[in-house]
Protein chains: 2
Amino acid sequence: MDNFIITISREFGSGGRKIGEGVAKKLGFNYYDKAIIDEAAEESGLSAEFIAKEEQTFSNSILFNLATSGGSFGVGGTSLVDKIYVSESKAIKDFADKGSCVIVGRCADYVLRDRNCFNVFVYADEDFKKKRIVEEYGYPQKDAAKLIKTRDKTRARHYNYYCDRIWGERKNYHLLINSGAYGIEEAVNLIIDSAKIYQKNKEK
Amino acid sequence: MDNFIITISREFGSGGRKIGEGVAKKLGFNYYDKAIIDEAAEESGLSAEFIAKEEQTFSNSILFNLATSGGSFGVGGTSLVDKIYVSESKAIKDFADKGSCVIVGRCADYVLRDRNCFNVFVYADEDFKKKRIVEEYGYPQKDAAKLIKTRDKTRARHYNYYCDRIWGERKNYHLLINSGAYGIEEAVNLIIDSAKIYQKNKEK
């Protein structure tokens, strides 16, 4: 059996990262999130700080990309945002080769579409996300609503641009789970149970 | 605690009805699907056969409704399709009053939006649905793809028209589950587990 990969896509503030960490810890799987940036930095020659910052405004770069028909402001004929996508995708494939793991964000479900993946989308009600953004991430209350809108827009635009799929569209996932309905810890348990059943059903 | 209602919305062929029956049976809940039609028939004076047939082509009636600005071809100033919606909604509320239950389709998540509901959306991959449509429902293979398209379009248009929400949009549900990834029986178990955790989390 191939390495088993659980990919987690998530709305900003829904706790997807924390849930991913919890799933990996309980299953004894590797966990990749920020490590993808470090690996992509090494691969691309760009700094990790630059990539991390760029990730939060991908959509602007993509619009620039579209406006310039592929762009020519980057490295080797591709734009910087293309370069980041390619480097991150390579990092994701390398990680998937190493062993069973949980990967959060960065189009992993698409990048690994031919592997043995269980794809989850984590979302939540506005109030649940706002509360977490203030209490867990430390942003001011007044910025929470705008942050949800802009970060999710960035994620969607980046995903839709590179993956030829719609971010959050149910058909791309095996499970879409409203984390606020269960709480983070129980969402972890439900995802693990679902992933195990999925794997067992596939082996039939 | 109010009666606990599990509503199941579903793509045509995904097995949502069978899953709903399974959930109700295992929990010892009442189950309502076709019974809503019988109750609505009694309430409206329309025949159950007429309502059942009308349900499969709601979208045409709704388009007629829109074209005639509310229509006047029905009973008491409302169109027949409005009359069916009102009667079915009344039946759904009556059933919800009677005890904890599972209700499949017919905008129950919206009709009961102020009650203690756990709302699930069941979907599946095209191949899984086609196989079920042929093997379980007995339709010819050649019609399966078209049936999926037209039935889901009808369901979506009916829901969007009456509920001021988008059919299948994740924010309207607590869980969206790809039944083909787990199989019908395990989808039943996952929904029951999720519903129990949801209920427990709500009581905190």
# chains A, B, ... in the order shown; residues from 1 in each chain; ligands from 1
call {"tool": "interface_residues", "arguments": {"of": "chain B", "to": "chain A", "cutoff": "9 Å", "atoms": "only C-alpha atoms", "output": "PDB file with N, CA and C atoms, in the first residue's frame"}}
result
ATOM      1  N   TYR B 123     -23.350  13.493  -0.922  1.00  0.00           N
ATOM      2  CA  TYR B 123     -23.015  13.580  -2.340  1.00  0.00           C
ATOM      3  C   TYR B 123     -22.133  12.386  -2.696  1.00  0.00           C
ATOM      4  N   ALA B 124     -21.782  12.259  -3.968  1.00  0.00           N
ATOM      5  CA  ALA B 124     -20.908  11.141  -4.362  1.00  0.00           C
ATOM      6  C   ALA B 124     -20.326  11.402  -5.741  1.00  0.00           C
ATOM      7  N   ASP B 125     -19.325  10.614  -6.070  1.00  0.00           N
ATOM      8  CA  ASP B 125     -18.735  10.696  -7.401  1.00  0.00           C
ATOM      9  C   ASP B 125     -19.744  10.195  -8.430  1.00  0.00           C
ATOM     10  N   GLY B 168     -26.729  22.717  -1.318  1.00  0.00           N
ATOM     11  CA  GLY B 168     -25.395  22.087  -1.320  1.00  0.00           C
ATOM     12  C   GLY B 168     -24.270  22.992  -0.864  1.00  0.00           C
ATOM     13  N   GLU B 169     -24.559  24.273  -0.619  1.00  0.00           N
ATOM     14  CA  GLU B 169     -23.494  25.185  -0.159  1.00  0.00           C
ATOM     15  C   GLU B 169     -23.119  24.805   1.269  1.00  0.00           C
ATOM     16  N   ARG B 170     -21.821  24.627   1.509  1.00  0.00           N
ATOM     17  CA  ARG B 170     -21.382  24.004   2.761  1.00  0.00           C
ATOM     18  C   ARG B 170     -21.864  24.724   4.016  1.00  0.00           C
ATOM     19  N   LYS B 171     -21.984  26.023   3.952  1.00  0.00           N
ATOM     20  CA  LYS B 171     -22.329  26.749   5.179  1.00  0.00           C
ATOM     21  C   LYS B 171     -23.718  26.398   5.728  1.00  0.00           C
ATOM     22  N   TYR B 173     -24.795  23.375   6.148  1.00  0.00           N
ATOM     23  CA  TYR B 173     -24.785  22.011   6.693  1.00  0.00           C
ATOM     24  C   TYR B 173     -23.705  21.855   7.764  1.00  0.00           C
ATOM     25  N   HIS B 174     -23.884  20.871   8.617  1.00  0.00           N
ATOM     26  CA  HIS B 174     -22.862  20.564   9.618  1.00  0.00           C
ATOM     27  C   HIS B 174     -21.856  19.556   9.098  1.00  0.00           C
ATOM     28  N   LEU B 175     -22.257  18.827   8.079  1.00  0.00           N
ATOM     29  CA  LEU B 175     -21.387  17.792   7.508  1.00  0.00           C
ATOM     30  C   LEU B 175     -21.792  17.563   6.055  1.00  0.00           C
ATOM     31  N   LEU B 176     -20.800  17.466   5.178  1.00  0.00           N
ATOM     32  CA  LEU B 176     -21.042  17.043   3.801  1.00  0.00           C
ATOM     33  C   LEU B 176     -20.223  15.785   3.589  1.00  0.00           C
ATOM     34  N   ILE B 177     -20.892  14.730   3.206  1.00  0.00           N
ATOM     35  CA  ILE B 177     -20.226  13.433   3.192  1.00  0.00           C
ATOM     36  C   ILE B 177     -20.352  12.756   1.827  1.00  0.00           C
ATOM     37  N   ASN B 178     -19.207  12.321   1.309  1.00  0.00           N
ATOM     38  CA  ASN B 178     -19.138  11.630   0.027  1.00  0.00           C
ATOM     39  C   ASN B 178     -19.430  10.149   0.280  1.00  0.00           C
ATOM     40  N   SER B 179     -20.677   9.761   0.040  1.00  0.00           N
ATOM     41  CA  SER B 179     -21.103   8.408   0.426  1.00  0.00           C
ATOM     42  C   SER B 179     -20.296   7.313  -0.261  1.00  0.00           C
ATOM     43  N   GLY B 180     -19.858   7.578  -1.487  1.00  0.00           N
ATOM     44  CA  GLY B 180     -19.101   6.579  -2.237  1.00  0.00           C
ATOM     45  C   GLY B 180     -17.744   6.280  -1.625  1.00  0.00           C
ATOM     46  N   ALA B 181     -17.216   7.218  -0.853  1.00  0.00           N
ATOM     47  CA  ALA B 181     -15.894   7.031  -0.242  1.00  0.00           C
ATOM     48  C   ALA B 181     -15.942   6.039   0.918  1.00  0.00           C
ATOM     49  N   TYR B 182     -17.126   5.824   1.457  1.00  0.00           N
ATOM     50  CA  TYR B 182     -17.251   4.985   2.658  1.00  0.00           C
ATOM     51  C   TYR B 182     -18.185   3.787   2.441  1.00  0.00           C
ATOM     52  N   GLY B 183     -19.095   3.927   1.500  1.00  0.00           N
ATOM     53  CA  GLY B 183     -20.171   2.942   1.344  1.00  0.00           C
ATOM     54  C   GLY B 183     -21.343   3.373   2.233  1.00  0.00           C
ATOM     55  N   GLU B 186     -21.347   2.484   6.209  1.00  0.00           N
ATOM     56  CA  GLU B 186     -20.397   3.250   7.020  1.00  0.00           C
ATOM     57  C   GLU B 186     -20.733   4.740   7.019  1.00  0.00           C
ATOM     58  N   ALA B 187     -21.346   5.210   5.936  1.00  0.00           N
ATOM     59  CA  ALA B 187     -21.805   6.604   5.916  1.00  0.00           C
ATOM     60  C   ALA B 187     -22.861   6.802   7.008  1.00  0.00           C
ATOM     61  N   LEU B 190     -20.991   7.094  10.304  1.00  0.00           N
ATOM     62  CA  LEU B 190     -20.288   8.376  10.445  1.00  0.00           C
ATOM     63  C   LEU B 190     -21.261   9.513  10.758  1.00  0.00           C
ATOM     64  N   ASP B 193     -22.347   9.139  14.421  1.00  0.00           N
ATOM     65  CA  ASP B 193     -21.272   9.597  15.319  1.00  0.00           C
ATOM     66  C   ASP B 193     -21.187  11.124  15.325  1.00  0.00           C
ATOM     67  N   SER B 194     -21.226  11.708  14.131  1.00  0.00           N
ATOM     68  CA  SER B 194     -21.123  13.171  14.018  1.00  0.00           C
ATOM     69  C   SER B 194     -22.291  13.848  14.723  1.00  0.00           C
ATOM     70  N   ILE B 197     -21.871  13.741  18.500  1.00  0.00           N
ATOM     71  CA  ILE B 197     -20.841  14.690  18.952  1.00  0.00           C
ATOM     72  C   ILE B 197     -21.368  16.123  18.862  1.00  0.00           C
ATOM     73  N   TYR B 198     -22.081  16.407  17.768  1.00  0.00           N
ATOM     74  CA  TYR B 198     -22.667  17.735  17.586  1.00  0.00           C
ATOM     75  C   TYR B 198     -23.598  18.070  18.746  1.00  0.00           C
ATOM     76  N   GLN B 199     -24.446  17.109  19.075  1.00  0.00           N
ATOM     77  CA  GLN B 199     -25.428  17.300  20.145  1.00  0.00           C
ATOM     78  C   GLN B 199     -24.736  17.526  21.481  1.00  0.00           C
ATOM     79  N   LYS B 200     -23.713  16.745  21.738  1.00  0.00           N
ATOM     80  CA  LYS B 200     -22.946  16.833  22.985  1.00  0.00           C
ATOM     81  C   LYS B 200     -22.238  18.186  23.069  1.00  0.00           C
ATOM     82  N   ASN B 201     -21.658  18.600  21.951  1.00  0.00           N
ATOM     83  CA  ASN B 201     -20.923  19.871  21.888  1.00  0.00           C
ATOM     84  C   ASN B 201     -21.863  21.051  22.114  1.00  0.00           C
ATOM     85  N   LYS B 202     -23.097  20.909  21.646  1.00  0.00           N
ATOM     86  CA  LYS B 202     -24.094  21.968  21.766  1.00  0.00           C
ATOM     87  C   LYS B 202     -24.553  22.126  23.220  1.00  0.00           C
TER      88      LYS B 202
END
call {"tool": "select_by_dssp", "arguments": {"residues": "region 1-168 of chain B", "states": "alpha helix (DSSP H)", "output": "JSON, numbers by chain"}}
result
{"B": [16, 17, 18, 19, 20, 21, 22, 23, 24, 25, 26, 27, 34, 35, 36, 37, 38, 39, 40, 41, 42, 43, 44, 48, 49, 50, 51, 52, 53, 54, 55, 58, 59, 60, 61, 62, 63, 64, 65, 66, 67, 80, 81, 82, 83, 84, 85, 86, 87, 88, 89, 90, 91, 92, 93, 94, 95, 96, 97, 98, 108, 109, 110, 111, 126, 127, 128, 129, 130, 131, 132, 133, 134, 135, 141, 142, 143, 144, 145, 146, 147, 148, 149, 150, 151, 152, 153, 154, 155, 156, 157, 158, 159, 160, 161, 162, 163]}
call {"tool": "closest_residue", "arguments": {"among": "A:Glu203, A:Lys142, A:Tyr137, A:Arg106", "to": "Ser9 (chain A)", "atoms": "only C-alpha atoms"}}
result
A:Arg106
call {"tool": "atom_distance", "arguments": {"atom1": "CA of Gly13 (chain A)", "atom2": "CA of Thr57 (chain A)"}}
result
16.8 Å
call {"tool": "select_by_dssp", "arguments": {"residues": "region 12-183 of chain A", "states": "strand (DSSP E or B)", "output": "tab-separated table (two decimals) with C-alpha atoms, in the first residue's frame"}}
result
chain	number	residue	atom	x	y	z
A	30	ASN	CA	4.34	13.29	9.67
A	31	TYR	CA	2.80	16.76	9.57
A	32	TYR	CA	3.62	19.36	6.92
A	101	CYS	CA	1.45	12.24	6.45
A	102	VAL	CA	-0.98	15.11	6.89
A	103	ILE	CA	-0.50	18.10	4.60
A	104	VAL	CA	-2.33	21.37	5.19
A	117	CYS	CA	-5.10	10.64	-0.51
A	118	PHE	CA	-8.00	11.33	1.80
A	119	ASN	CA	-9.08	14.91	1.13
A	120	VAL	CA	-10.82	16.97	3.79
A	121	PHE	CA	-12.18	20.51	3.71
A	122	VAL	CA	-12.63	22.25	7.07
A	123	TYR	CA	-15.04	25.19	7.32
A	175	LEU	CA	-15.46	15.00	3.68
A	176	LEU	CA	-16.38	18.61	4.42
A	177	ILE	CA	-16.62	19.24	8.10
A	178	ASN	CA	-17.94	22.24	10.04
call {"tool": "residues_around", "arguments": {"residues": "region 109-116 of chain A", "least_positions_apart": "5", "cutoff": "7 Å", "atoms": "only C-alpha atoms", "output": "number ranges by chain"}}
result
A: 2-5, 7, 89, 93, 163
call {"tool": "write_last_selection", "arguments": {"atoms": "C-alpha atoms", "output": "mmCIF file, in the first residue's frame"}}
result
data_model
loop_
_atom_site.group_PDB
_atom_site.id
_atom_site.type_symbol
_atom_site.label_atom_id
_atom_site.label_comp_id
_atom_site.auth_asym_id
_atom_site.auth_seq_id
_atom_site.Cartn_x
_atom_site.Cartn_y
_atom_site.Cartn_z
ATOM 1 C CA ASP A 2 1.219 3.496 -0.871
ATOM 2 C CA ASN A 3 1.845 6.027 1.831
ATOM 3 C CA PHE A 4 -1.500 7.324 3.023
ATOM 4 C CA ILE A 5 -1.827 11.095 2.754
ATOM 5 C CA THR A 7 -4.792 16.605 2.876
ATOM 6 C CA SER A 89 4.498 21.184 -5.310
ATOM 7 C CA LYS A 93 5.605 15.271 -3.552
ATOM 8 C CA CYS A 163 -5.585 23.370 -9.936
#
call {"tool": "residues_around", "arguments": {"residues": "Gly20 (chain A)", "least_positions_apart": "2", "cutoff": "7 Å", "atoms": "only C-alpha atoms", "output": "compact mmCIF listing (two decimals) with N, CA and C atoms, in the first residue's frame"}}
result
# COMPACT_ATOMS: atom_id res chain seq x y z
N ILE A 8 -5.57 18.53 4.06
CA ILE A 8 -6.59 19.37 4.70
C ILE A 8 -6.59 20.76 4.08
N GLY A 16 -8.33 24.58 10.79
CA GLY A 16 -7.85 23.48 9.94
C GLY A 16 -6.42 23.06 10.26
N ARG A 17 -5.56 24.04 10.55
CA ARG A 17 -4.16 23.71 10.84
C ARG A 17 -4.06 22.94 12.15
N LYS A 18 -4.75 23.45 13.16
CA LYS A 18 -4.72 22.78 14.47
C LYS A 18 -5.31 21.37 14.36
N GLY A 22 -3.45 17.78 15.01
CA GLY A 22 -4.06 16.79 15.90
C GLY A 22 -4.21 15.43 15.23
N VAL A 23 -4.63 15.45 13.97
CA VAL A 23 -4.81 14.20 13.21
C VAL A 23 -3.45 13.50 13.07
N ALA A 24 -2.43 14.27 12.69
CA ALA A 24 -1.09 13.69 12.49
C ALA A 24 -0.55 13.11 13.79
N VAL A 102 0.10 14.13 7.02
CA VAL A 102 -0.98 15.11 6.89
C VAL A 102 -0.37 16.37 6.30
N VAL A 104 -1.31 20.32 5.11
CA VAL A 104 -2.33 21.37 5.19
C VAL A 104 -2.10 22.40 4.08
call {"tool": "closest_residue", "arguments": {"among": "A:Ala48, A:Asp143, A:Ile192, A:Phe128", "to": "Leu27 (chain A)", "atoms": "only C-alpha atoms"}}
result
A:Ile192
call {"tool": "residues_around", "arguments": {"residues": "Leu46 (chain A)", "least_positions_apart": "4", "cutoff": "12 Å", "atoms": "only C-alpha atoms", "output": "list in words"}}
result
Ile37, Asp38, Glu39, Ala40, Ala41, Glu42, Phe50, Ile51, Ala52, Lys53, Glu54, Gly74, Val75, Leu80, Val81, Lys83, Ile84, Ser87 and Glu88 of chain A
call {"tool": "decode", "arguments": {"residues": "region 14-52 of chain A", "atoms": "C-alpha atoms", "output": "PDB file, in the first residue's frame"}}
result
ATOM      1  CA  SER A  14     -11.734  27.333  10.978  1.00  0.00           C
ATOM      2  CA  GLY A  15      -8.914  25.642  12.883  1.00  0.00           C
ATOM      3  CA  GLY A  16      -7.848  23.485   9.942  1.00  0.00           C
ATOM      4  CA  ARG A  17      -4.163  23.708  10.839  1.00  0.00           C
ATOM      5  CA  LYS A  18      -4.718  22.780  14.466  1.00  0.00           C
ATOM      6  CA  ILE A  19      -6.979  19.939  13.356  1.00  0.00           C
ATOM      7  CA  GLY A  20      -4.322  18.745  10.913  1.00  0.00           C
ATOM      8  CA  GLU A  21      -1.705  18.740  13.663  1.00  0.00           C
ATOM      9  CA  GLY A  22      -4.058  16.786  15.903  1.00  0.00           C
ATOM     10  CA  VAL A  23      -4.810  14.200  13.211  1.00  0.00           C
ATOM     11  CA  ALA A  24      -1.088  13.693  12.485  1.00  0.00           C
ATOM     12  CA  LYS A  25      -0.190  13.411  16.159  1.00  0.00           C
ATOM     13  CA  LYS A  26      -2.892  10.854  16.927  1.00  0.00           C
ATOM     14  CA  LEU A  27      -2.065   8.752  13.849  1.00  0.00           C
ATOM     15  CA  GLY A  28       1.704   9.056  14.288  1.00  0.00           C
ATOM     16  CA  PHE A  29       1.926  10.583  10.791  1.00  0.00           C
ATOM     17  CA  ASN A  30       4.338  13.291   9.670  1.00  0.00           C
ATOM     18  CA  TYR A  31       2.803  16.755   9.565  1.00  0.00           C
ATOM     19  CA  TYR A  32       3.619  19.359   6.923  1.00  0.00           C
ATOM     20  CA  ASP A  33       2.533  22.941   6.826  1.00  0.00           C
ATOM     21  CA  LYS A  34       5.215  25.603   7.226  1.00  0.00           C
ATOM     22  CA  ALA A  35       7.864  22.973   6.384  1.00  0.00           C
ATOM     23  CA  ILE A  36       6.625  23.183   2.791  1.00  0.00           C
ATOM     24  CA  ILE A  37       7.754  26.796   2.717  1.00  0.00           C
ATOM     25  CA  ASP A  38      11.233  25.956   4.019  1.00  0.00           C
ATOM     26  CA  GLU A  39      11.643  23.163   1.494  1.00  0.00           C
ATOM     27  CA  ALA A  40      10.356  25.368  -1.338  1.00  0.00           C
ATOM     28  CA  ALA A  41      12.747  28.111  -0.261  1.00  0.00           C
ATOM     29  CA  GLU A  42      15.683  25.769  -0.502  1.00  0.00           C
ATOM     30  CA  GLU A  43      14.520  24.474  -3.878  1.00  0.00           C
ATOM     31  CA  SER A  44      13.782  27.876  -5.393  1.00  0.00           C
ATOM     32  CA  GLY A  45      16.505  30.040  -3.895  1.00  0.00           C
ATOM     33  CA  LEU A  46      13.815  32.436  -2.620  1.00  0.00           C
ATOM     34  CA  SER A  47      13.762  33.218   1.088  1.00  0.00           C
ATOM     35  CA  ALA A  48      11.243  31.477   3.336  1.00  0.00           C
ATOM     36  CA  GLU A  49      10.134  34.883   4.610  1.00  0.00           C
ATOM     37  CA  PHE A  50       9.454  36.081   1.070  1.00  0.00           C
ATOM     38  CA  ILE A  51       7.413  32.959   0.247  1.00  0.00           C
ATOM     39  CA  ALA A  52       5.430  33.185   3.490  1.00  0.00           C
TER      40      ALA A  52
END
